[in-house]
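Engineer: Sharing upload.tsv (TSV, C-alpha atoms) below.
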chain	number	residue	atom	x	y	z
N	1	MET	CA	72.22	-32.26	2.42
N	2	HIS	CA	72.12	-35.79	3.85
N	3	GLU	CA	75.69	-35.18	5.05
N	4	LEU	CA	74.39	-33.19	8.01
N	5	PRO	CA	72.39	-35.97	9.73
N	6	ILE	CA	75.26	-38.36	8.99
N	7	LEU	CA	77.74	-36.01	10.64
N	8	ARG	CA	75.42	-35.46	13.61
N	9	SER	CA	75.29	-39.23	14.02
N	10	ILE	CA	79.08	-39.56	13.82
N	11	VAL	CA	79.64	-36.81	16.38
N	12	GLY	CA	76.87	-38.12	18.65
N	13	VAL	CA	78.39	-41.60	18.74
N	14	ALA	CA	81.89	-40.22	19.30
N	15	LEU	CA	80.79	-37.99	22.20
N	16	ARG	CA	78.78	-40.81	23.81
N	17	HIS	CA	81.81	-43.11	23.80
N	18	ALA	CA	84.07	-40.31	25.04
N	19	VAL	CA	81.78	-39.63	28.02
N	20	GLU	CA	81.53	-43.35	28.80
N	21	ALA	CA	85.34	-43.53	28.81
N	22	GLY	CA	85.57	-40.57	31.18
N	23	ALA	CA	87.47	-38.52	28.59
N	24	SER	CA	87.34	-34.75	28.51
N	25	ARG	CA	88.21	-34.13	24.86
N	26	VAL	CA	87.99	-35.91	21.54
N	27	LEU	CA	91.09	-35.34	19.42
N	28	ALA	CA	90.34	-37.49	16.38
N	29	VAL	CA	87.59	-39.63	14.91
N	30	ASP	CA	88.37	-42.46	12.49
N	31	VAL	CA	85.62	-43.34	10.06
N	32	LYS	CA	85.57	-46.03	7.40
N	33	VAL	CA	83.65	-44.94	4.30
N	34	GLY	CA	82.82	-47.21	1.38
N	35	GLU	CA	83.54	-45.72	-2.04
N	36	LEU	CA	79.94	-46.41	-3.07
N	37	ARG	CA	78.73	-43.91	-0.47
N	38	GLY	CA	79.81	-41.04	-2.68
N	39	LEU	CA	80.59	-38.81	0.30
N	40	ASP	CA	82.80	-35.85	-0.47
N	41	ALA	CA	85.73	-35.58	1.97
N	42	ALA	CA	86.00	-31.77	1.84
N	43	TRP	CA	82.30	-31.30	2.53
N	44	ILE	CA	82.37	-33.87	5.30
N	45	GLN	CA	85.21	-32.09	7.10
N	46	SER	CA	83.45	-28.71	6.98
N	47	TYR	CA	80.20	-30.26	8.23
N	48	PHE	CA	82.20	-31.96	10.99
N	49	ASP	CA	83.72	-28.65	12.09
N	50	PHE	CA	80.25	-27.11	12.12
N	51	VAL	CA	78.61	-29.91	14.09
N	52	THR	CA	81.41	-30.20	16.68
N	53	GLU	CA	81.54	-26.48	17.45
N	54	GLY	CA	81.15	-25.89	21.19
N	55	THR	CA	81.40	-29.62	22.02
N	56	PRO	CA	84.31	-31.60	23.54
N	57	ALA	CA	85.07	-32.69	19.97
N	58	ALA	CA	85.66	-29.14	18.72
N	59	GLY	CA	88.86	-28.93	16.71
N	60	ALA	CA	89.14	-32.73	16.40
N	61	SER	CA	90.35	-34.16	13.13
N	62	LEU	CA	88.11	-36.42	11.13
N	63	ARG	CA	90.09	-39.16	9.43
N	64	LEU	CA	88.30	-40.91	6.60
N	65	LYS	CA	89.50	-44.29	5.39
N	66	GLU	CA	87.97	-45.30	2.09
N	67	SER	CA	87.13	-48.93	1.44
N	68	LYS	CA	86.98	-50.16	-2.13
N	69	ALA	CA	84.01	-52.02	-3.59
N	70	LEU	CA	84.58	-55.79	-3.51
N	71	PHE	CA	82.34	-58.74	-4.28
N	72	ARG	CA	82.54	-62.07	-2.47
N	73	CYS	CA	81.72	-65.36	-4.16
N	74	ARG	CA	79.31	-67.37	-2.04
N	75	SER	CA	80.43	-70.61	-3.68
N	76	CYS	CA	84.24	-70.47	-3.36
N	77	GLY	CA	84.75	-67.50	-1.03
N	78	ALA	CA	87.00	-65.53	-3.39
N	79	THR	CA	86.78	-61.74	-3.35
N	80	PHE	CA	87.17	-59.66	-6.49
N	81	PRO	CA	86.63	-56.06	-7.59
N	82	PRO	CA	83.70	-55.12	-9.80
N	83	GLY	CA	85.05	-55.01	-13.32
N	84	PRO	CA	83.58	-54.44	-16.73
N	85	HIS	CA	81.13	-57.22	-17.44
N	86	ALA	CA	79.99	-57.91	-20.94
N	87	GLY	CA	76.87	-59.85	-20.00
N	88	GLY	CA	74.11	-58.95	-17.58
N	89	ASP	CA	75.30	-60.96	-14.61
N	90	VAL	CA	78.34	-60.68	-12.37
N	91	ALA	CA	80.21	-63.98	-12.11
N	92	CYS	CA	83.13	-65.09	-9.95
N	93	PRO	CA	86.38	-64.90	-12.00
N	94	HIS	CA	87.68	-68.02	-10.17
N	95	CYS	CA	84.82	-70.50	-10.30
N	96	SER	CA	82.29	-68.71	-12.59
N	97	SER	CA	79.56	-68.95	-9.93
N	98	LYS	CA	76.90	-66.27	-10.13
N	99	HIS	CA	76.19	-66.45	-6.39
N	100	VAL	CA	78.10	-63.32	-5.50
N	101	GLU	CA	77.42	-60.59	-2.99
N	102	LEU	CA	78.81	-57.17	-2.15
N	103	ALA	CA	81.52	-57.73	0.49
N	104	SER	CA	82.64	-54.15	1.01
N	105	GLY	CA	82.34	-50.69	-0.45
N	106	ASN	CA	79.17	-49.44	1.18
N	107	GLU	CA	80.32	-49.19	4.81
N	108	LEU	CA	79.86	-46.14	6.96
N	109	LEU	CA	81.43	-47.10	10.25
N	110	ILE	CA	83.02	-45.25	13.16
N	111	GLU	CA	86.15	-47.30	13.79
N	112	SER	CA	87.68	-45.53	16.77
N	113	ILE	CA	88.27	-42.23	18.52
N	114	ASP	CA	91.34	-40.66	20.11
N	115	VAL	CA	90.57	-38.98	23.43
N	116	VAL	CA	92.26	-37.41	26.42
Q	1	MET	CA	99.49	-33.73	30.13
Q	2	ALA	CA	96.88	-36.48	29.91
Q	3	GLU	CA	97.72	-39.44	27.76
Q	4	ILE	CA	95.97	-39.86	24.44
Q	5	ARG	CA	93.85	-43.03	24.37
Q	6	THR	CA	92.34	-44.71	21.35
Q	7	ILE	CA	88.90	-46.20	21.93
Q	8	ASP	CA	87.67	-48.87	19.53
Q	9	ILE	CA	84.06	-48.27	18.56
Q	10	LYS	CA	83.11	-50.12	15.35
Q	11	GLU	CA	79.63	-48.63	15.33
Q	12	ALA	CA	77.70	-48.00	12.15
Q	13	VAL	CA	76.78	-44.41	11.46
Q	14	LEU	CA	73.03	-43.76	11.68
Q	15	SER	CA	72.71	-46.85	13.91
Q	16	GLU	CA	69.95	-45.09	15.85
Q	17	ASN	CA	67.89	-44.77	12.67
Q	18	ALA	CA	68.70	-48.37	11.75
Q	19	GLY	CA	67.54	-49.59	15.17
Q	20	LEU	CA	64.24	-47.73	14.94
Q	21	ALA	CA	63.78	-48.99	11.36
Q	22	ASP	CA	64.26	-52.59	12.57
Q	23	ARG	CA	61.66	-52.09	15.30
Q	24	LEU	CA	59.16	-50.64	12.79
Q	25	ARG	CA	59.79	-53.55	10.42
Q	26	ARG	CA	59.07	-56.06	13.18
Q	27	ARG	CA	56.00	-54.19	14.42
Q	28	LEU	CA	54.50	-54.05	10.92
Q	29	MET	CA	55.36	-57.71	10.37
Q	30	GLU	CA	53.35	-58.52	13.51
Q	31	SER	CA	50.35	-56.60	12.20
Q	32	GLY	CA	50.72	-58.29	8.80
Q	33	THR	CA	51.38	-55.03	6.96
Q	34	PHE	CA	53.96	-54.95	4.16
Q	35	LEU	CA	55.95	-51.70	4.02
Q	36	LEU	CA	57.33	-50.78	0.58
Q	37	ASP	CA	59.73	-47.86	0.05
Q	38	VAL	CA	59.61	-46.33	-3.45
Q	39	MET	CA	62.47	-44.02	-4.40
Q	40	SER	CA	63.47	-42.17	-7.56
Q	41	SER	CA	64.46	-38.77	-8.89
Q	42	PRO	CA	61.73	-36.15	-9.25
Q	43	GLY	CA	59.48	-36.89	-12.20
Q	44	ALA	CA	60.36	-40.57	-12.71
Q	45	GLY	CA	56.70	-41.49	-12.22
Q	46	LYS	CA	56.40	-42.68	-8.61
Q	47	THR	CA	52.89	-41.32	-8.11
Q	48	THR	CA	51.58	-42.66	-11.42
Q	49	LEU	CA	53.13	-46.10	-10.88
Q	50	LEU	CA	51.80	-46.29	-7.32
Q	51	LEU	CA	48.27	-45.28	-8.35
Q	52	GLU	CA	48.18	-47.87	-11.13
Q	53	THR	CA	49.70	-50.51	-8.80
Q	54	ILE	CA	47.22	-49.80	-6.00
Q	55	HIS	CA	44.34	-49.96	-8.48
Q	56	ARG	CA	45.47	-53.37	-9.77
Q	57	LEU	CA	46.16	-54.73	-6.28
Q	58	ARG	CA	42.71	-53.61	-5.16
Q	59	GLU	CA	41.27	-55.97	-7.78
Q	60	ARG	CA	43.19	-58.74	-5.96
Q	61	GLY	CA	41.59	-57.66	-2.66
Q	62	ILE	CA	44.71	-55.94	-1.36
Q	63	ARG	CA	44.16	-52.82	0.77
Q	64	THR	CA	46.84	-50.13	0.47
Q	65	ALA	CA	47.64	-46.80	2.14
Q	66	VAL	CA	50.35	-44.38	1.10
Q	67	ILE	CA	52.83	-42.20	2.99
Q	68	GLU	CA	53.77	-39.23	0.80
Q	69	GLY	CA	57.13	-37.57	1.42
Q	70	ASP	CA	57.62	-34.14	-0.08
Q	71	ILE	CA	59.77	-31.16	0.76
Q	72	GLU	CA	56.74	-28.90	0.24
Q	73	SER	CA	53.14	-29.15	-1.04
Q	74	THR	CA	50.46	-31.78	-0.71
Q	75	VAL	CA	49.95	-32.30	-4.46
Q	76	ASP	CA	50.71	-36.03	-4.46
Q	77	ALA	CA	48.58	-36.75	-1.37
Q	78	GLU	CA	45.69	-34.91	-3.04
Q	79	LYS	CA	46.08	-37.08	-6.15
Q	80	MET	CA	45.95	-40.18	-3.95
Q	81	ALA	CA	42.89	-38.92	-2.07
Q	82	ALA	CA	41.15	-38.10	-5.37
Q	83	ALA	CA	41.69	-41.75	-6.38
Q	84	GLY	CA	40.16	-42.93	-3.11
Q	85	VAL	CA	43.50	-43.94	-1.57
Q	86	LYS	CA	44.22	-43.19	2.09
Q	87	ALA	CA	47.33	-40.99	2.13
Q	88	VAL	CA	49.37	-39.38	4.89
Q	89	GLN	CA	51.43	-36.39	3.82
Q	90	LEU	CA	54.86	-35.86	5.38
Q	91	ARG	CA	56.32	-32.46	4.63
Q	92	THR	CA	60.03	-32.59	5.35
Q	93	GLY	CA	60.42	-28.79	5.28
Q	94	GLY	CA	63.66	-28.89	3.31
Q	95	ALA	CA	65.02	-32.30	4.30
Q	96	CYS	CA	65.94	-34.35	1.26
Q	97	HIS	CA	64.82	-37.77	2.52
Q	98	LEU	CA	62.50	-39.59	4.92
Q	99	ASP	CA	63.87	-41.47	7.92
Q	100	ALA	CA	62.47	-44.07	10.30
Q	101	ALA	CA	61.31	-41.49	12.86
Q	102	MET	CA	59.20	-39.71	10.22
Q	103	ILE	CA	57.65	-43.01	9.14
Q	104	GLU	CA	56.88	-43.85	12.78
Q	105	ALA	CA	55.08	-40.49	13.09
Q	106	ALA	CA	53.11	-41.13	9.89
Q	107	LEU	CA	52.09	-44.58	11.15
Q	108	HIS	CA	50.31	-42.86	14.07
Q	109	GLU	CA	47.88	-41.52	11.45
Q	110	LEU	CA	47.17	-44.99	10.10
Q	111	ALA	CA	45.90	-48.15	11.70
Q	112	PRO	CA	48.41	-50.56	10.14
Q	113	GLY	CA	46.13	-53.55	10.76
Q	114	ASP	CA	43.64	-51.99	8.31
Q	115	TYR	CA	46.08	-52.32	5.41
Q	116	ASP	CA	47.88	-55.17	3.68
Q	117	MET	CA	50.44	-52.73	2.34
Q	118	ILE	CA	51.69	-49.26	3.16
Q	119	ALA	CA	53.70	-47.71	0.33
Q	120	ILE	CA	56.17	-44.92	1.03
Q	121	GLU	CA	56.59	-42.44	-1.80
Q	122	ASN	CA	59.97	-41.09	-0.73
Q	123	VAL	CA	61.27	-37.59	-1.52
Q	124	GLY	CA	62.29	-37.35	-5.18
Q	125	ASN	CA	66.05	-37.81	-4.92
Q	126	LEU	CA	68.42	-40.67	-5.84
Q	127	VAL	CA	71.13	-39.75	-3.34
Q	128	CYS	CA	69.97	-39.09	0.21
Q	129	PRO	CA	67.07	-41.57	0.66
Q	130	ALA	CA	69.54	-44.40	-0.01
Q	131	GLU	CA	71.27	-43.65	3.30
Q	132	PHE	CA	68.18	-43.90	5.52
Q	133	ASP	CA	66.45	-47.15	6.31
Q	134	THR	CA	62.74	-46.33	6.67
Q	135	GLY	CA	61.80	-49.73	8.11
Q	136	ALA	CA	60.50	-50.97	4.76
Q	137	HIS	CA	60.40	-54.71	4.11
Q	138	ARG	CA	61.42	-54.08	0.52
Q	139	ARG	CA	62.98	-51.08	-1.20
Q	140	THR	CA	62.38	-50.21	-4.83
Q	141	MET	CA	63.82	-47.56	-7.10
Q	142	LEU	CA	62.41	-46.22	-10.32
Q	143	LEU	CA	64.50	-45.03	-13.22
Q	144	SER	CA	62.52	-43.57	-16.08
Q	145	VAL	CA	63.58	-43.95	-19.69
Q	146	PRO	CA	63.87	-40.16	-20.28
Q	147	GLU	CA	66.48	-39.96	-17.48
Q	148	GLY	CA	68.96	-42.11	-19.41
Q	149	HIS	CA	70.57	-45.47	-18.75
Q	150	ASP	CA	73.83	-44.25	-17.20
Q	151	LYS	CA	72.44	-43.54	-13.73
Q	152	ALA	CA	73.91	-46.59	-11.96
Q	153	LEU	CA	77.33	-44.99	-12.39
Q	154	LYS	CA	76.12	-41.73	-10.90
Q	155	TYR	CA	74.11	-43.03	-7.93
Q	156	PRO	CA	75.86	-46.28	-6.96
Q	157	LEU	CA	74.68	-46.46	-3.35
Q	158	MET	CA	71.00	-46.36	-4.32
Q	159	PHE	CA	71.52	-49.32	-6.67
Q	160	THR	CA	73.17	-51.35	-3.90
Q	161	VAL	CA	70.46	-50.81	-1.25
Q	162	VAL	CA	67.33	-51.61	-3.29
Q	163	ASP	CA	65.74	-55.01	-3.89
Q	164	CYS	CA	64.14	-54.02	-7.15
Q	165	LEU	CA	64.68	-51.62	-10.03
Q	166	VAL	CA	61.68	-50.53	-12.05
Q	167	VAL	CA	62.59	-49.04	-15.41
Q	168	SER	CA	59.56	-46.79	-15.87
Q	169	LYS	CA	58.03	-44.96	-18.84
Q	170	THR	CA	59.09	-47.68	-21.27
Q	171	ASP	CA	56.56	-46.22	-23.71
Q	172	TYR	CA	59.31	-43.65	-24.40
Q	173	LEU	CA	61.73	-46.38	-25.55
Q	174	PRO	CA	60.93	-46.35	-29.28
Q	175	GLY	CA	63.18	-43.81	-30.95
Q	176	SER	CA	65.30	-43.25	-27.81
Q	177	ASP	CA	68.94	-44.32	-27.36
Q	178	PHE	CA	68.20	-45.79	-23.91
Q	179	ASP	CA	70.29	-48.98	-23.61
Q	180	LEU	CA	68.39	-51.42	-21.37
Q	181	ALA	CA	71.10	-54.11	-21.59
Q	182	ALA	CA	73.78	-51.61	-20.49
Q	183	LEU	CA	71.65	-50.48	-17.55
Q	184	ARG	CA	70.94	-54.06	-16.47
Q	185	ALA	CA	74.66	-54.94	-16.65
Q	186	GLU	CA	75.71	-51.87	-14.72
Q	187	ALA	CA	72.97	-52.29	-12.08
Q	188	ARG	CA	73.76	-55.99	-11.55
Q	189	ARG	CA	77.44	-55.15	-11.31
Q	190	LEU	CA	76.53	-53.21	-8.16
Q	191	ASN	CA	73.77	-55.50	-6.98
Q	192	PRO	CA	73.94	-59.05	-8.33
Q	193	THR	CA	70.59	-60.10	-6.82
Q	194	LEU	CA	68.65	-57.07	-8.09
Q	195	THR	CA	65.23	-57.77	-9.61
Q	196	VAL	CA	64.54	-55.62	-12.68
Q	197	PHE	CA	61.15	-54.80	-14.23
Q	198	GLU	CA	60.45	-52.76	-17.35
Q	199	VAL	CA	57.14	-51.01	-16.91
Q	200	SER	CA	54.89	-48.44	-18.51
Q	201	ALA	CA	52.13	-47.46	-16.10
Q	202	ARG	CA	50.49	-45.58	-18.97
Q	203	THR	CA	50.16	-48.51	-21.38
Q	204	GLY	CA	50.14	-51.22	-18.69
Q	205	ASP	CA	53.16	-53.01	-20.24
Q	206	GLY	CA	55.08	-54.94	-17.58
Q	207	MET	CA	52.63	-54.01	-14.81
Q	208	GLN	CA	51.65	-57.63	-14.22
Q	209	GLY	CA	55.16	-58.82	-13.30
Q	210	TRP	CA	55.79	-55.82	-11.08
Q	211	CYS	CA	52.43	-56.25	-9.29
Q	212	ASP	CA	53.18	-59.97	-8.78
Q	213	TRP	CA	56.48	-59.00	-7.13
Q	214	VAL	CA	54.70	-56.55	-4.79
Q	215	ALA	CA	51.98	-59.14	-4.02
Q	216	ASP	CA	54.74	-61.66	-3.24
Q	217	GLY	CA	56.18	-59.23	-0.67
Q	218	ILE	CA	52.73	-58.76	0.88
Q	219	ARG	CA	52.25	-62.53	1.08
Q	220	GLY	CA	55.70	-62.94	2.64
Q	221	VAL	CA	54.80	-60.59	5.49
Q	222	ALA	CA	51.38	-62.17	6.01
Q	223	ASP	CA	52.94	-65.66	6.10
Q	224	ALA	CA	55.60	-64.49	8.57
Q	225	ARG	CA	52.89	-63.13	10.87
Q	226	ASP	CA	50.84	-66.31	10.65
Q	227	GLY	CA	53.97	-68.38	11.26
Q	228	ALA	CA	54.76	-66.30	14.34
Q	229	LEU	CA	51.22	-66.81	15.65
Q	230	ASP	CA	51.52	-70.57	15.23
Q	231	CYS	CA	54.56	-70.71	17.49
For this file, produce the structure as structure tokens.
Structural biologist:
Amino acid sequence: MHELPILRSIVGVALRHAVEAGASRVLAVDVKVGELRGLDAAWIQSYFDFVTEGTPAAGASLRLKESKALFRCRSCGATFPPGPHAGGDVACPHCSSKHVELASGNELLIESIDVV
Amino acid sequence: MAEIRTIDIKEAVLSENAGLADRLRRRLMESGTFLLDVMSSPGAGKTTLLLETIHRLRERGIRTAVIEGDIESTVDAEKMAAAGVKAVQLRTGGACHLDAAMIEAALHELAPGDYDMIAIENVGNLVCPAEFDTGAHRRTMLLSVPEGHDKALKYPLMFTVVDCLVVSKTDYLPGSDFDLAALRAEARRLNPTLTVFEVSARTGDGMQGWCDWVADGIRGVADARDGALDC
């Protein structure tokens, strides 16, 4: 159910940028989605079609690009995927530092739009 | 035939909500009011934990109000009122989460300066509330022992956006196959800086550490306000 406000936001941003660019139609919207978002591509497309109906983005294709979850080590800068960890803490596989942060995987970003 | 142009945008989805949430966070910081967002599935014990927390914080001189988010009914707000706690009920009418605009509306019903903390009891749901910044200074999720320890795998986003995980209803642990170590490992895999508390609001076990963490958040906001006034 939270897909609907997300889609309204995506379409709203796309239309705003299209108007600012003096475009008459939006043909495609590129969105980067982190895998941790758990958004279902099929549902997203049908919500997109519903929300764009009657707007200059009607019939546009929504292209989702999934980004994988990655951690970044704050000590040595290395990035690494979350793997199975025996202990309680995540540690950098290169320098064993426990100062790590999520570097990607939870994005929800409109990258670009194609317009005419 | 007009030429197809590609326009670079790089704008976060829900940026309007995020902007409003940031403004609310700043405004509450200026009035010295700590905003805490409490999220969980239905029945994990948000209302019980909040009531017990508010009661204990009151003994420390901390004044709290609550914003209750529910799809329907005013049951939780009535429980709060019966315990002498100021509560504002938000009925979302079907929406599965609260957002910053709803919190802004609820704040009109409260004088933030009258409270050291305003706690949001979000709609019972581990999926949708994770997406919407409510303007809270800290976000907490509850996972109750009867729900099982494998939830981090099922609701990964929630685990990445919260500052604190409260494992609630630990009085159900004896005789259960709930694996605390597995949950901690899985949760920290998603959120390495996550603070974890094991709490039973019914027996009081673990309440002290959790209340200290909340009080620390309240102090942080009060110090930030005082620091800003000094400048």
Engineer: What are the closest atom pairs, with distances in Å to one decimal, for each residue of chain Q lying within 10 Å of chain N, using only C-alpha atoms, rows by chain and rising residue number, as CSV?
Structural biologist:
residue,atom,partner,partner_atom,distance
Q:Met1,CA,N:Val116,CA,8.9
Q:Ala2,CA,N:Val116,CA,5.9
Q:Glu3,CA,N:Val116,CA,6.0
Q:Ile4,CA,N:Val116,CA,4.9
Q:Arg5,CA,N:Val115,CA,5.3
Q:Thr6,CA,N:Asp114,CA,4.4
Q:Ile7,CA,N:Ile113,CA,5.3
Q:Asp8,CA,N:Ser112,CA,4.3
Q:Ile9,CA,N:Ser112,CA,4.9
Q:Lys10,CA,N:Glu111,CA,4.4
Q:Glu11,CA,N:Ile110,CA,5.3
Q:Ala12,CA,N:Leu109,CA,4.3
Q:Val13,CA,N:Leu109,CA,5.5
Q:Leu14,CA,N:Ser9,CA,5.6
Q:Ser15,CA,N:Ser9,CA,8.0
Q:Glu16,CA,N:Ser9,CA,8.1
Q:Asn17,CA,N:Ser9,CA,9.3
Q:Gly94,CA,N:Met1,CA,9.2
Q:Ala95,CA,N:Met1,CA,7.4
Q:Cys96,CA,N:Met1,CA,6.7
Q:His97,CA,N:His2,CA,7.7
Q:Val127,CA,N:His2,CA,8.3
Q:Cys128,CA,N:His2,CA,5.4
Q:Pro129,CA,N:His2,CA,8.3
Q:Ala130,CA,N:Arg37,CA,9.2
Q:Glu131,CA,N:His2,CA,7.9
Q:Phe132,CA,N:His2,CA,9.2
Q:Leu153,CA,N:Leu36,CA,9.8
Q:Lys154,CA,N:Gly38,CA,9.0
Q:Tyr155,CA,N:Gly38,CA,8.0
Q:Pro156,CA,N:Leu36,CA,5.6
Q:Leu157,CA,N:Leu36,CA,5.3
Q:Met158,CA,N:Arg37,CA,9.0
Q:Phe159,CA,N:Leu36,CA,9.6
Q:Thr160,CA,N:Asn106,CA,8.1
Q:Val161,CA,N:Asn106,CA,9.1
Q:Ala181,CA,N:Gly88,CA,7.0
Q:Ala182,CA,N:Gly88,CA,7.9
Q:Leu183,CA,N:Gly88,CA,8.8
Q:Arg184,CA,N:Gly88,CA,5.9
Q:Ala185,CA,N:Gly88,CA,4.2
Q:Glu186,CA,N:Gly88,CA,7.8
Q:Ala187,CA,N:Gly88,CA,8.7
Q:Arg188,CA,N:Asp89,CA,6.0
Q:Arg189,CA,N:Val90,CA,5.7
Q:Leu190,CA,N:Leu102,CA,7.5
Q:Asn191,CA,N:Leu102,CA,7.2
Q:Pro192,CA,N:Val90,CA,6.2
Q:Thr193,CA,N:Glu101,CA,7.8
Engineer: What gap, in Å, lies between atom CA of Q:Cys164 and atom CA of Q:Phe197?
Structural biologist: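 Separation between atom CA of Q:Cys164 and atom CA of Q:Phe197: 7.7 Å.
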Engineer: Hey, what's within 9 Å of Q:Met102 if we count all atoms listed in the file and toss same-chain stuff fewer than 6 positions away? As a PyMOL selection string, please?
Structural biologist: chain Q and resi 90+92+134
Engineer: Rounded to one decimal place, report the atom CA of Q:Thr47-atom CA of Q:Gly209 distance in Å.
Structural biologist: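 Atom CA of Q:Thr47 sits 18.4 Å away from atom CA of Q:Gly209.
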Engineer: Given the choices N:Cys95, N:Ala57, N:Leu62, N:Ala103, which gets closest to N:Ser75 if the distance is worked out from all atoms listed in the file?
Structural biologist: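 Smallest distance to N:Ser75 is found for N:Cys95.
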Engineer: If you measure from atom CA of Q:Thr48 to atom CA of Q:Ala106, what distance in Å do you get, rounded to one decimal?
Structural biologist: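 Atom CA of Q:Thr48 sits 21.4 Å away from atom CA of Q:Ala106.
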Engineer: When you look at Q:Arg138 with a cut-off of 7 Å (counting only C-alpha atoms), what residues show up, excluding the ones that are within fewer than 5 positions of it in the same chain? I need them as a ChimeraX atom specification.
Structural biologist: /Q:35-37,163
Engineer: Would you save the residues of that selection, restricted to C-alpha atoms, as a short mmCIF file (atom, residue, chain, number, x, y, z; two decimals), keeping the file's coordinate frame?
Structural biologist:
data_model
loop_
_atom_site.label_atom_id
_atom_site.label_comp_id
_atom_site.auth_asym_id
_atom_site.auth_seq_id
_atom_site.Cartn_x
_atom_site.Cartn_y
_atom_site.Cartn_z
CA LEU Q 35 55.95 -51.70 4.02
CA LEU Q 36 57.33 -50.78 0.58
CA ASP Q 37 59.73 -47.86 0.05
CA ASP Q 163 65.74 -55.01 -3.89
#
Engineer: Neighbouring residues of Q:Glu121 were defined as those with any atom within 10 Å, considering only C-alpha atoms; residues of the same chain fewer than 6 positions away were excluded. Please report them as a PDB file with C-alpha atoms, in the coordinates of the input.
Structural biologist:
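result.pdb, written as the output of this step:
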ATOM      1  CA  LEU Q  36      57.330 -50.780   0.580  1.00  0.00           C
ATOM      2  CA  ASP Q  37      59.730 -47.860   0.050  1.00  0.00           C
ATOM      3  CA  VAL Q  38      59.610 -46.330  -3.450  1.00  0.00           C
ATOM      4  CA  MET Q  39      62.470 -44.020  -4.400  1.00  0.00           C
ATOM      5  CA  SER Q  40      63.470 -42.170  -7.560  1.00  0.00           C
ATOM      6  CA  LYS Q  46      56.400 -42.680  -8.610  1.00  0.00           C
ATOM      7  CA  THR Q  47      52.890 -41.320  -8.110  1.00  0.00           C
ATOM      8  CA  LEU Q  50      51.800 -46.290  -7.320  1.00  0.00           C
ATOM      9  CA  VAL Q  66      50.350 -44.380   1.100  1.00  0.00           C
ATOM     10  CA  ILE Q  67      52.830 -42.200   2.990  1.00  0.00           C
ATOM     11  CA  GLU Q  68      53.770 -39.230   0.800  1.00  0.00           C
ATOM     12  CA  GLY Q  69      57.130 -37.570   1.420  1.00  0.00           C
ATOM     13  CA  ASP Q  70      57.620 -34.140  -0.080  1.00  0.00           C
ATOM     14  CA  ASP Q  76      50.710 -36.030  -4.460  1.00  0.00           C
ATOM     15  CA  ALA Q  77      48.580 -36.750  -1.370  1.00  0.00           C
ATOM     16  CA  GLN Q  89      51.430 -36.390   3.820  1.00  0.00           C
ATOM     17  CA  LEU Q  90      54.860 -35.860   5.380  1.00  0.00           C
ATOM     18  CA  LEU Q  98      62.500 -39.590   4.920  1.00  0.00           C
TER      19      LEU Q  98
END
Engineer: Give the answer as one residue: which of Q:Val88, Q:Leu24, Q:Leu57, Q:Val196 has the shortest atom-to-atom distance to Q:Gln208, using all atoms listed in the file?
Structural biologist: Q:Leu57
Engineer: Compile the contact shell of N:Cys76 as number ranges by chain: residues with an atom at most 10 Å away, counting all atoms listed in the file, same-chain residues fewer than 3 positions apart removed.
Structural biologist: N: 72-73, 79, 92, 94-97, 99-100
Engineer: Might you pull out every residue within 8 Å of Q:Ala224, with only C-alpha atoms counted and same-chain residues fewer than 3 positions away left off, and present them as a list in words?
Structural biologist: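 Listed by chain and then number, they are Met29, Gly32, Gly220, Val221, Gly227 and Ala228 of chain Q.
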Engineer: Return the single residue from N:Leu4, N:Gly77, N:Ser104, N:Leu39 that is closest to N:Thr52, with distances computed using all atoms listed in the file.
Structural biologist: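 Nearest candidate to N:Thr52 out of N:Leu4, N:Gly77, N:Ser104, N:Leu39: N:Leu4.
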